[in-house]
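J.: Supplied structure: coords-v4.pdb, PDB, C-alpha atoms.
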ATOM      1  CA  MET A1376    -137.646-115.198 101.836
ATOM      2  CA  ILE A1377    -137.926-118.968 102.101
ATOM      3  CA  THR A1378    -141.384-119.639 103.461
ATOM      4  CA  ARG A1379    -142.256-121.696 106.536
ATOM      5  CA  SER A1380    -143.690-124.445 104.302
ATOM      6  CA  CYS A1381    -140.276-124.872 102.697
ATOM      7  CA  HIS A1382    -138.865-125.683 106.120
ATOM      8  CA  GLN A1383    -141.030-128.790 106.187
ATOM      9  CA  ALA A1384    -139.058-130.545 103.450
ATOM     10  CA  PHE A1385    -135.598-130.256 102.036
ATOM     11  CA  LEU A1386    -136.826-131.209  98.593
ATOM     12  CA  ALA A1387    -139.250-128.308  98.526
ATOM     13  CA  VAL A1388    -136.408-125.994  99.481
ATOM     14  CA  LEU A1389    -134.379-127.279  96.541
ATOM     15  CA  LEU A1390    -137.111-126.179  94.160
ATOM     16  CA  THR A1391    -137.695-122.760  95.711
ATOM     17  CA  ALA A1392    -135.811-119.945  94.035
ATOM     18  CA  ALA A1393    -133.976-117.803  96.542
ATOM     19  CA  THR A1394    -134.361-114.056  96.613
ATOM     20  CA  PRO A1395    -131.625-111.616  97.623
ATOM     21  CA  ALA A1396    -133.116-111.511 101.114
ATOM     22  CA  ALA A1397    -132.424-115.250 101.435
ATOM     23  CA  ALA A1398    -128.668-114.896 101.125
ATOM     24  CA  HIS A1399    -128.081-117.496 103.826
ATOM     25  CA  PRO A1400    -129.603-120.819 102.734
ATOM     26  CA  ASP A1401    -131.271-123.129 105.207
ATOM     27  CA  VAL A1402    -129.596-126.173 103.633
ATOM     28  CA  SER A1403    -125.879-126.911 103.623
ATOM     29  CA  ALA A1404    -123.945-129.910 102.402
ATOM     30  CA  THR A1405    -120.350-131.048 102.731
ATOM     31  CA  ALA A1406    -118.945-132.776  99.660
ATOM     32  CA  ARG A1407    -116.302-135.406  99.088
ATOM     33  CA  LEU A1408    -115.320-136.932  95.751
ATOM     34  CA  VAL A1409    -113.856-140.358  95.064
ATOM     35  CA  LEU A1410    -111.881-140.244  91.821
ATOM     36  CA  HIS A1411    -111.356-143.654  90.225
ATOM     37  CA  LEU A1412    -108.264-143.579  88.013
ATOM     38  CA  ASP A1413    -106.866-146.042  85.519
ATOM     39  CA  ASP A1414    -103.310-145.084  84.506
ATOM     40  CA  ASN A1415    -103.998-141.387  85.098
ATOM     41  CA  ARG A1416    -107.272-141.533  83.208
ATOM     42  CA  LEU A1417    -110.447-140.681  85.103
ATOM     43  CA  ALA A1418    -112.781-143.637  84.658
ATOM     44  CA  SER A1419    -115.463-142.714  87.181
ATOM     45  CA  LEU A1420    -116.371-140.358  89.976
ATOM     46  CA  SER A1421    -118.411-140.798  93.148
ATOM     47  CA  GLN A1422    -119.946-137.689  94.686
ATOM     48  CA  LEU A1423    -120.796-137.870  98.397
ATOM     49  CA  LEU A1424    -122.980-135.130  99.877
ATOM     50  CA  VAL A1425    -123.604-135.072 103.636
ATOM     51  CA  PHE A1426    -126.419-132.736 104.622
ATOM     52  CA  ASP A1427    -126.534-130.609 107.756
ATOM     53  CA  ASP A1428    -128.186-131.728 110.988
ATOM     54  CA  ALA A1429    -131.397-129.712 110.641
ATOM     55  CA  THR A1430    -131.991-130.747 107.025
ATOM     56  CA  SER A1431    -131.321-134.369 107.892
ATOM     57  CA  ARG A1432    -133.837-134.249 110.766
ATOM     58  CA  ARG A1433    -136.477-132.746 108.444
ATOM     59  CA  LEU A1434    -135.899-135.489 105.877
ATOM     60  CA  VAL A1435    -136.127-138.282 108.449
ATOM     61  CA  THR A1436    -139.307-136.749 109.888
ATOM     62  CA  ARG A1437    -140.876-136.370 106.460
ATOM     63  CA  PHE A1438    -140.214-139.932 105.278
ATOM     64  CA  ASP A1439    -140.518-141.746 108.623
ATOM     65  CA  ASP A1440    -144.066-143.009 108.013
ATOM     66  CA  ASN A1441    -144.284-145.131 111.171
ATOM     67  CA  ARG A1442    -142.712-142.383 113.319
ATOM     68  CA  ASP A1443    -140.130-144.655 114.935
ATOM     69  CA  GLY A1444    -137.285-142.172 114.430
ATOM     70  CA  THR A1445    -135.440-144.226 111.819
ATOM     71  CA  LEU A1446    -135.857-144.962 108.133
ATOM     72  CA  SER A1447    -136.794-148.508 107.179
ATOM     73  CA  ALA A1448    -135.653-149.950 103.854
ATOM     74  CA  THR A1449    -139.003-148.967 102.311
ATOM     75  CA  GLU A1450    -138.895-145.444 103.757
ATOM     76  CA  ARG A1451    -135.300-144.995 102.603
ATOM     77  CA  GLY A1452    -136.328-146.230  99.160
ATOM     78  CA  ASP A1453    -139.051-143.569  99.013
ATOM     79  CA  LEU A1454    -136.554-140.900 100.078
ATOM     80  CA  THR A1455    -134.019-142.130  97.507
ATOM     81  CA  SER A1456    -136.578-142.056  94.696
ATOM     82  CA  GLU A1457    -137.682-138.522  95.429
ATOM     83  CA  MET A1458    -134.158-137.204  95.986
ATOM     84  CA  LEU A1459    -133.030-138.807  92.741
ATOM     85  CA  GLU A1460    -135.846-137.087  90.875
ATOM     86  CA  ARG A1461    -135.276-133.679  92.472
ATOM     87  CA  LEU A1462    -131.464-133.709  92.456
ATOM     88  CA  SER A1463    -131.304-135.091  88.920
ATOM     89  CA  ALA A1464    -133.344-132.113  87.760
ATOM     90  CA  ARG A1465    -130.473-129.953  89.049
ATOM     91  CA  GLN A1466    -127.721-132.322  87.783
ATOM     92  CA  PHE A1467    -126.768-132.852  91.433
ATOM     93  CA  PHE A1468    -125.381-129.291  91.324
ATOM     94  CA  ILE A1469    -122.149-130.624  89.826
ATOM     95  CA  GLU A1470    -120.291-128.789  87.072
ATOM     96  CA  ALA A1471    -117.116-130.274  85.601
ATOM     97  CA  ALA A1472    -114.409-129.226  83.186
ATOM     98  CA  LEU A1473    -111.460-130.878  81.480
ATOM     99  CA  GLY A1474    -108.845-128.193  81.031
ATOM    100  CA  SER A1475    -110.748-125.066  80.021
ATOM    101  CA  GLU A1476    -113.648-126.965  78.421
ATOM    102  CA  TRP A1477    -116.829-127.558  80.413
ATOM    103  CA  LEU A1478    -118.004-131.179  80.296
ATOM    104  CA  ALA A1479    -121.506-132.550  80.178
ATOM    105  CA  MET A1480    -121.662-134.875  83.165
ATOM    106  CA  PRO A1481    -123.077-138.322  82.434
ATOM    107  CA  ARG A1482    -126.241-139.295  84.263
ATOM    108  CA  PRO A1483    -125.420-141.021  87.531
ATOM    109  CA  ILE A1484    -125.480-144.790  87.160
ATOM    110  CA  SER A1485    -126.510-145.208  90.778
ATOM    111  CA  VAL A1486    -127.696-143.087  93.671
ATOM    112  CA  LYS A1487    -127.747-144.251  97.272
ATOM    113  CA  VAL A1488    -129.144-142.564 100.379
ATOM    114  CA  ASP A1489    -127.688-143.485 103.766
ATOM    115  CA  VAL A1490    -127.928-142.250 107.320
ATOM    116  CA  VAL A1491    -124.418-141.563 108.638
ATOM    117  CA  GLY A1492    -124.703-140.909 112.343
ATOM    118  CA  GLU A1493    -127.649-138.517 112.327
ATOM    119  CA  ASN A1494    -126.989-137.051 108.899
ATOM    120  CA  ILE A1495    -128.440-137.908 105.520
ATOM    121  CA  ALA A1496    -125.745-138.766 102.983
ATOM    122  CA  VAL A1497    -126.326-139.092  99.250
ATOM    123  CA  THR A1498    -123.827-140.842  96.991
ATOM    124  CA  ALA A1499    -124.050-140.505  93.214
ATOM    125  CA  ASP A1500    -121.761-142.553  90.939
ATOM    126  CA  TYR A1501    -120.778-141.392  87.451
ATOM    127  CA  TRP A1502    -118.994-143.382  84.734
ATOM    128  CA  TRP A1503    -117.598-142.143  81.448
ATOM    129  CA  SER A1504    -117.824-144.362  78.372
ATOM    130  CA  GLU A1505    -114.268-143.265  77.551
ATOM    131  CA  PRO A1506    -111.976-142.455  80.503
ATOM    132  CA  LEU A1507    -110.747-138.857  80.591
ATOM    133  CA  ALA A1508    -106.993-138.449  80.085
ATOM    134  CA  LEU A1509    -105.547-136.232  82.820
ATOM    135  CA  GLN A1510    -101.867-136.088  81.829
ATOM    136  CA  GLU A1511    -102.103-132.840  79.880
ATOM    137  CA  GLN A1512    -105.066-131.037  81.412
ATOM    138  CA  PRO A1513    -106.628-130.960  84.875
ATOM    139  CA  PHE A1514    -110.122-132.171  85.703
ATOM    140  CA  SER A1515    -112.154-129.677  87.754
ATOM    141  CA  VAL A1516    -115.367-130.009  89.735
ATOM    142  CA  MET A1517    -117.482-127.187  91.111
ATOM    143  CA  LEU A1518    -120.683-127.534  93.118
ATOM    144  CA  ARG A1519    -122.822-124.543  92.321
ATOM    145  CA  ASP A1520    -126.428-123.790  93.238
ATOM    146  CA  ARG A1521    -127.146-120.679  91.226
ATOM    147  CA  ASP A1522    -130.295-120.003  93.302
ATOM    148  CA  PHE A1523    -128.196-120.330  96.477
ATOM    149  CA  THR A1524    -130.689-122.423  98.379
ATOM    150  CA  VAL A1525    -127.955-124.946  99.214
ATOM    151  CA  ALA A1526    -124.527-123.921 100.489
ATOM    152  CA  PHE A1527    -121.815-126.378  99.428
ATOM    153  CA  ARG A1528    -118.282-126.822 100.655
ATOM    154  CA  PHE A1529    -115.726-129.540 100.117
ATOM    155  CA  ASP A1530    -114.707-131.511 103.187
ATOM    156  CA  PRO A1531    -111.827-129.468 104.645
ATOM    157  CA  ASP A1532    -109.896-132.555 105.770
ATOM    158  CA  THR A1533    -110.506-134.983 102.901
ATOM    159  CA  PRO A1534    -112.102-133.275  99.900
ATOM    160  CA  ALA A1535    -111.172-136.126  97.563
ATOM    161  CA  ILE A1536    -109.910-139.689  97.587
ATOM    162  CA  ILE A1537    -107.987-141.119  94.641
ATOM    163  CA  SER A1538    -108.489-144.813  93.968
ATOM    164  CA  GLY A1539    -107.169-147.139  91.280
ATOM    165  CA  THR A1540    -103.863-146.844  89.477
ATOM    166  CA  SER A1541    -102.292-143.424  89.238
ATOM    167  CA  SER A1542     -98.992-141.671  89.711
ATOM    168  CA  ASP A1543     -97.977-138.076  90.304
ATOM    169  CA  CYS A1544    -101.499-136.724  90.717
ATOM    170  CA  ASP A1545    -102.286-133.731  92.904
ATOM    171  CA  VAL A1546    -105.657-132.609  94.251
ATOM    172  CA  SER A1547    -106.330-129.018  95.259
ATOM    173  CA  VAL A1548    -109.351-127.000  96.380
ATOM    174  CA  THR A1549    -109.412-123.280  95.658
ATOM    175  CA  ALA A1550    -111.918-120.459  95.599
ATOM    176  CA  GLU A1551    -112.880-119.436  92.069
ATOM    177  CA  PRO A1552    -113.820-115.720  91.999
ATOM    178  CA  ASN A1553    -114.291-115.806  88.212
ATOM    179  CA  GLU A1554    -117.223-118.222  88.709
ATOM    180  CA  ALA A1555    -119.021-116.180  91.382
ATOM    181  CA  TYR A1556    -122.815-116.302  91.296
ATOM    182  CA  PHE A1557    -125.885-115.046  93.143
ATOM    183  CA  GLY A1558    -125.129-111.532  91.956
ATOM    184  CA  GLY A1559    -121.409-112.094  92.534
ATOM    185  CA  LEU A1560    -121.901-112.599  96.282
ATOM    186  CA  VAL A1561    -121.058-116.324  96.349
ATOM    187  CA  ILE A1562    -117.601-117.525  95.342
ATOM    188  CA  PRO A1563    -117.636-121.295  94.801
ATOM    189  CA  GLN A1564    -114.885-123.759  95.570
ATOM    190  CA  VAL A1565    -113.309-125.731  92.752
ATOM    191  CA  LEU A1566    -111.635-129.091  93.244
ATOM    192  CA  ARG A1567    -108.951-129.951  90.670
ATOM    193  CA  ILE A1568    -106.954-133.057  89.987
ATOM    194  CA  ALA A1569    -103.882-132.788  87.786
ATOM    195  CA  CYS A1570    -101.629-135.682  86.780
ATOM    196  CA  ARG A1571     -98.162-135.701  85.235
TER     197      ARG A1571
END
Output the structure of this file as structure tokens.

T.:
Amino acid sequence: MITRSCHQAFLAVLLTAATPAAAHPDVSATARLVLHLDDNRLASLSQLLVFDDATSRRLVTRFDDNRDGTLSATERGDLTSEMLERLSARQFFIEAALGSEWLAMPRPISVKVDVVGENIAVTADYWWSEPLALQEQPFSVMLRDRDFTVAFRFDPDTPAIISGTSSDCDVSVTAEPNEAYFGGLVIPQVLRIACR
């Protein structure tokens, strides 16, 4: 089980391996991707994660040094630094493929932490040195926490936004039973973009 001390900080939860008894994680995040295209080539990707209400409250409480209920620029900087360190160690839980080949994601070139309403939002931006051609094979993204301490889902209304120059590109989100994890109990969602 996730211990009471883990409830004190989201970042501690991220580093705590779940056991089968902890099949319902205490942390959830809704994801949205911004796909930056240049003539149907994927030049960059922005990953937005918005964390649930309870996790967001714990983070604000933990980093709100002066206890005024908000995060100052300095406090947000401290939160950003620690989240960058912890999330980078897990590659921001993002797994990507071009066609049937898994890709090594580049390191994010920037990470920003914001408060959106009452929720903590983390944006990570990725750039490829050579844009990925999408005309002949789809690009796929899966958010997978193999320890299942964080439950991810793509935004049901707007899972992805396409920006830049593109034509005839479709985005879909599907369950991927072949990529199930946590003993086969968790079936992740996969977002795909395919261009013609």

J.: Please tell me which residues are no farther than 12 Å from (-117.1, -133.6, 97.3) in the file, counting all atoms listed in the file, and write them as a tab-separated table (two decimals) with C-alpha atoms, in the coordinates of the input.

T.:
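Below is the file point38.tsv, written as the result:
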chain	number	residue	atom	x	y	z
A	1404	ALA	CA	-123.94	-129.91	102.40
A	1405	THR	CA	-120.35	-131.05	102.73
A	1406	ALA	CA	-118.94	-132.78	99.66
A	1407	ARG	CA	-116.30	-135.41	99.09
A	1408	LEU	CA	-115.32	-136.93	95.75
A	1409	VAL	CA	-113.86	-140.36	95.06
A	1410	LEU	CA	-111.88	-140.24	91.82
A	1420	LEU	CA	-116.37	-140.36	89.98
A	1421	SER	CA	-118.41	-140.80	93.15
A	1422	GLN	CA	-119.95	-137.69	94.69
A	1423	LEU	CA	-120.80	-137.87	98.40
A	1424	LEU	CA	-122.98	-135.13	99.88
A	1425	VAL	CA	-123.60	-135.07	103.64
A	1426	PHE	CA	-126.42	-132.74	104.62
A	1467	PHE	CA	-126.77	-132.85	91.43
A	1468	PHE	CA	-125.38	-129.29	91.32
A	1469	ILE	CA	-122.15	-130.62	89.83
A	1470	GLU	CA	-120.29	-128.79	87.07
A	1496	ALA	CA	-125.74	-138.77	102.98
A	1497	VAL	CA	-126.33	-139.09	99.25
A	1498	THR	CA	-123.83	-140.84	96.99
A	1499	ALA	CA	-124.05	-140.50	93.21
A	1500	ASP	CA	-121.76	-142.55	90.94
A	1515	SER	CA	-112.15	-129.68	87.75
A	1516	VAL	CA	-115.37	-130.01	89.74
A	1517	MET	CA	-117.48	-127.19	91.11
A	1518	LEU	CA	-120.68	-127.53	93.12
A	1519	ARG	CA	-122.82	-124.54	92.32
A	1527	PHE	CA	-121.82	-126.38	99.43
A	1528	ARG	CA	-118.28	-126.82	100.66
A	1529	PHE	CA	-115.73	-129.54	100.12
A	1530	ASP	CA	-114.71	-131.51	103.19
A	1531	PRO	CA	-111.83	-129.47	104.64
A	1532	ASP	CA	-109.90	-132.56	105.77
A	1533	THR	CA	-110.51	-134.98	102.90
A	1534	PRO	CA	-112.10	-133.28	99.90
A	1535	ALA	CA	-111.17	-136.13	97.56
A	1536	ILE	CA	-109.91	-139.69	97.59
A	1546	VAL	CA	-105.66	-132.61	94.25
A	1547	SER	CA	-106.33	-129.02	95.26
A	1548	VAL	CA	-109.35	-127.00	96.38
A	1564	GLN	CA	-114.88	-123.76	95.57
A	1565	VAL	CA	-113.31	-125.73	92.75
A	1566	LEU	CA	-111.64	-129.09	93.24
A	1567	ARG	CA	-108.95	-129.95	90.67

J.: Considering only C-alpha atoms, return as a list in words whatever protein or nucleic-acid residues lie within 12 Å of Ser1504 (chain A), sequence-local ones (same chain, fewer than 2 positions apart) excluded.

T.: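 Once the nearby chain positions are removed, what remains is Arg1416, Leu1417, Ala1418, Ser1419, Met1480, Pro1481, Arg1482, Ile1484, Tyr1501, Trp1502, Pro1506 and Leu1507 of chain A.
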
J.: Can you list, as a PDB file with C-alpha atoms, in the coordinates of the input, the residues that the PyMOL selection byres ((chain A and resi 1455) around 12) selects here?

T.:
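And here is the file that came out, result-v2.pdb:
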ATOM      1  CA  LEU A1386    -136.826-131.209  98.593  1.00  0.00           C
ATOM      2  CA  LEU A1434    -135.899-135.489 105.877  1.00  0.00           C
ATOM      3  CA  VAL A1435    -136.127-138.282 108.449  1.00  0.00           C
ATOM      4  CA  PHE A1438    -140.214-139.932 105.278  1.00  0.00           C
ATOM      5  CA  LEU A1446    -135.857-144.962 108.133  1.00  0.00           C
ATOM      6  CA  SER A1447    -136.794-148.508 107.179  1.00  0.00           C
ATOM      7  CA  ALA A1448    -135.653-149.950 103.854  1.00  0.00           C
ATOM      8  CA  THR A1449    -139.003-148.967 102.311  1.00  0.00           C
ATOM      9  CA  GLU A1450    -138.895-145.444 103.757  1.00  0.00           C
ATOM     10  CA  ARG A1451    -135.300-144.995 102.603  1.00  0.00           C
ATOM     11  CA  GLY A1452    -136.328-146.230  99.160  1.00  0.00           C
ATOM     12  CA  ASP A1453    -139.051-143.569  99.013  1.00  0.00           C
ATOM     13  CA  LEU A1454    -136.554-140.900 100.078  1.00  0.00           C
ATOM     14  CA  SER A1456    -136.578-142.056  94.696  1.00  0.00           C
ATOM     15  CA  GLU A1457    -137.682-138.522  95.429  1.00  0.00           C
ATOM     16  CA  MET A1458    -134.158-137.204  95.986  1.00  0.00           C
ATOM     17  CA  LEU A1459    -133.030-138.807  92.741  1.00  0.00           C
ATOM     18  CA  GLU A1460    -135.846-137.087  90.875  1.00  0.00           C
ATOM     19  CA  ARG A1461    -135.276-133.679  92.472  1.00  0.00           C
ATOM     20  CA  LEU A1462    -131.464-133.709  92.456  1.00  0.00           C
ATOM     21  CA  SER A1463    -131.304-135.091  88.920  1.00  0.00           C
ATOM     22  CA  SER A1485    -126.510-145.208  90.778  1.00  0.00           C
ATOM     23  CA  VAL A1486    -127.696-143.087  93.671  1.00  0.00           C
ATOM     24  CA  LYS A1487    -127.747-144.251  97.272  1.00  0.00           C
ATOM     25  CA  VAL A1488    -129.144-142.564 100.379  1.00  0.00           C
ATOM     26  CA  ASP A1489    -127.688-143.485 103.766  1.00  0.00           C
ATOM     27  CA  VAL A1490    -127.928-142.250 107.320  1.00  0.00           C
ATOM     28  CA  ILE A1495    -128.440-137.908 105.520  1.00  0.00           C
ATOM     29  CA  ALA A1496    -125.745-138.766 102.983  1.00  0.00           C
ATOM     30  CA  VAL A1497    -126.326-139.092  99.250  1.00  0.00           C
ATOM     31  CA  THR A1498    -123.827-140.842  96.991  1.00  0.00           C
ATOM     32  CA  ALA A1499    -124.050-140.505  93.214  1.00  0.00           C
TER      33      ALA A1499
END

J.: If we count only C-alpha atoms, what is near Ile1562 (chain A) at a cut-off of 8 Å, once residues fewer than 3 positions away on the same chain are taken out, given as number ranges by chain?

T.: A: 1550-1552, 1554-1556, 1559

J.: Any chance you can output those residues with C-alpha atoms as an mmCIF file, in the frame of the given file?

T.:
data_model
loop_
_atom_site.group_PDB
_atom_site.id
_atom_site.type_symbol
_atom_site.label_atom_id
_atom_site.label_comp_id
_atom_site.auth_asym_id
_atom_site.auth_seq_id
_atom_site.Cartn_x
_atom_site.Cartn_y
_atom_site.Cartn_z
ATOM 1 C CA ALA A 1550 -111.918 -120.459 95.599
ATOM 2 C CA GLU A 1551 -112.880 -119.436 92.069
ATOM 3 C CA PRO A 1552 -113.820 -115.720 91.999
ATOM 4 C CA GLU A 1554 -117.223 -118.222 88.709
ATOM 5 C CA ALA A 1555 -119.021 -116.180 91.382
ATOM 6 C CA TYR A 1556 -122.815 -116.302 91.296
ATOM 7 C CA GLY A 1559 -121.409 -112.094 92.534
#

J.: Just so the selection is clear, what residues does the PyMOL selection byres ((chain A and resi 1430) around 8) cover here, as an NGL selection string?

T.: :A and (1384-1385 or 1401-1403 or 1426-1429 or 1431-1434)

J.: Between CA of Asn1494 (chain A) and CA of Phe1523 (chain A), what is the spacing in Å?

T.: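 Atom-to-atom, CA of Phe1523 (chain A) to CA of Asn1494 (chain A), that is 20.9 Å.
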
J.: Find, counting only C-alpha atoms, the residue in A:Arg1465, A:Pro1513, A:Thr1445, A:Arg1521 that gets nearest to Trp1477 (chain A).

T.: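 Using only C-alpha atoms, Trp1477 (chain A) sits closest to A:Pro1513.
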
J.: To one decimal place in Å, what is the distance between CA of Ser1538 (chain A) and CA of Asp1413 (chain A)?

T.: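 So the two atoms, CA of Ser1538 (chain A) and CA of Asp1413 (chain A), lie 8.7 Å apart.
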
J.: Report, in Å to a single decimal, how far apart CA of Arg1571 (chain A) and CA of Glu1505 (chain A) are.

T.: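 CA of Glu1505 (chain A) sits 19.4 Å away from CA of Arg1571 (chain A).
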
J.: Of the residues A:Glu1493, A:Asp1440, A:Phe1514, A:Asn1415, which is the one nearest to Leu1478 (chain A), using only C-alpha atoms?

T.: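 Closest residue, counting only C-alpha atoms: A:Phe1514.
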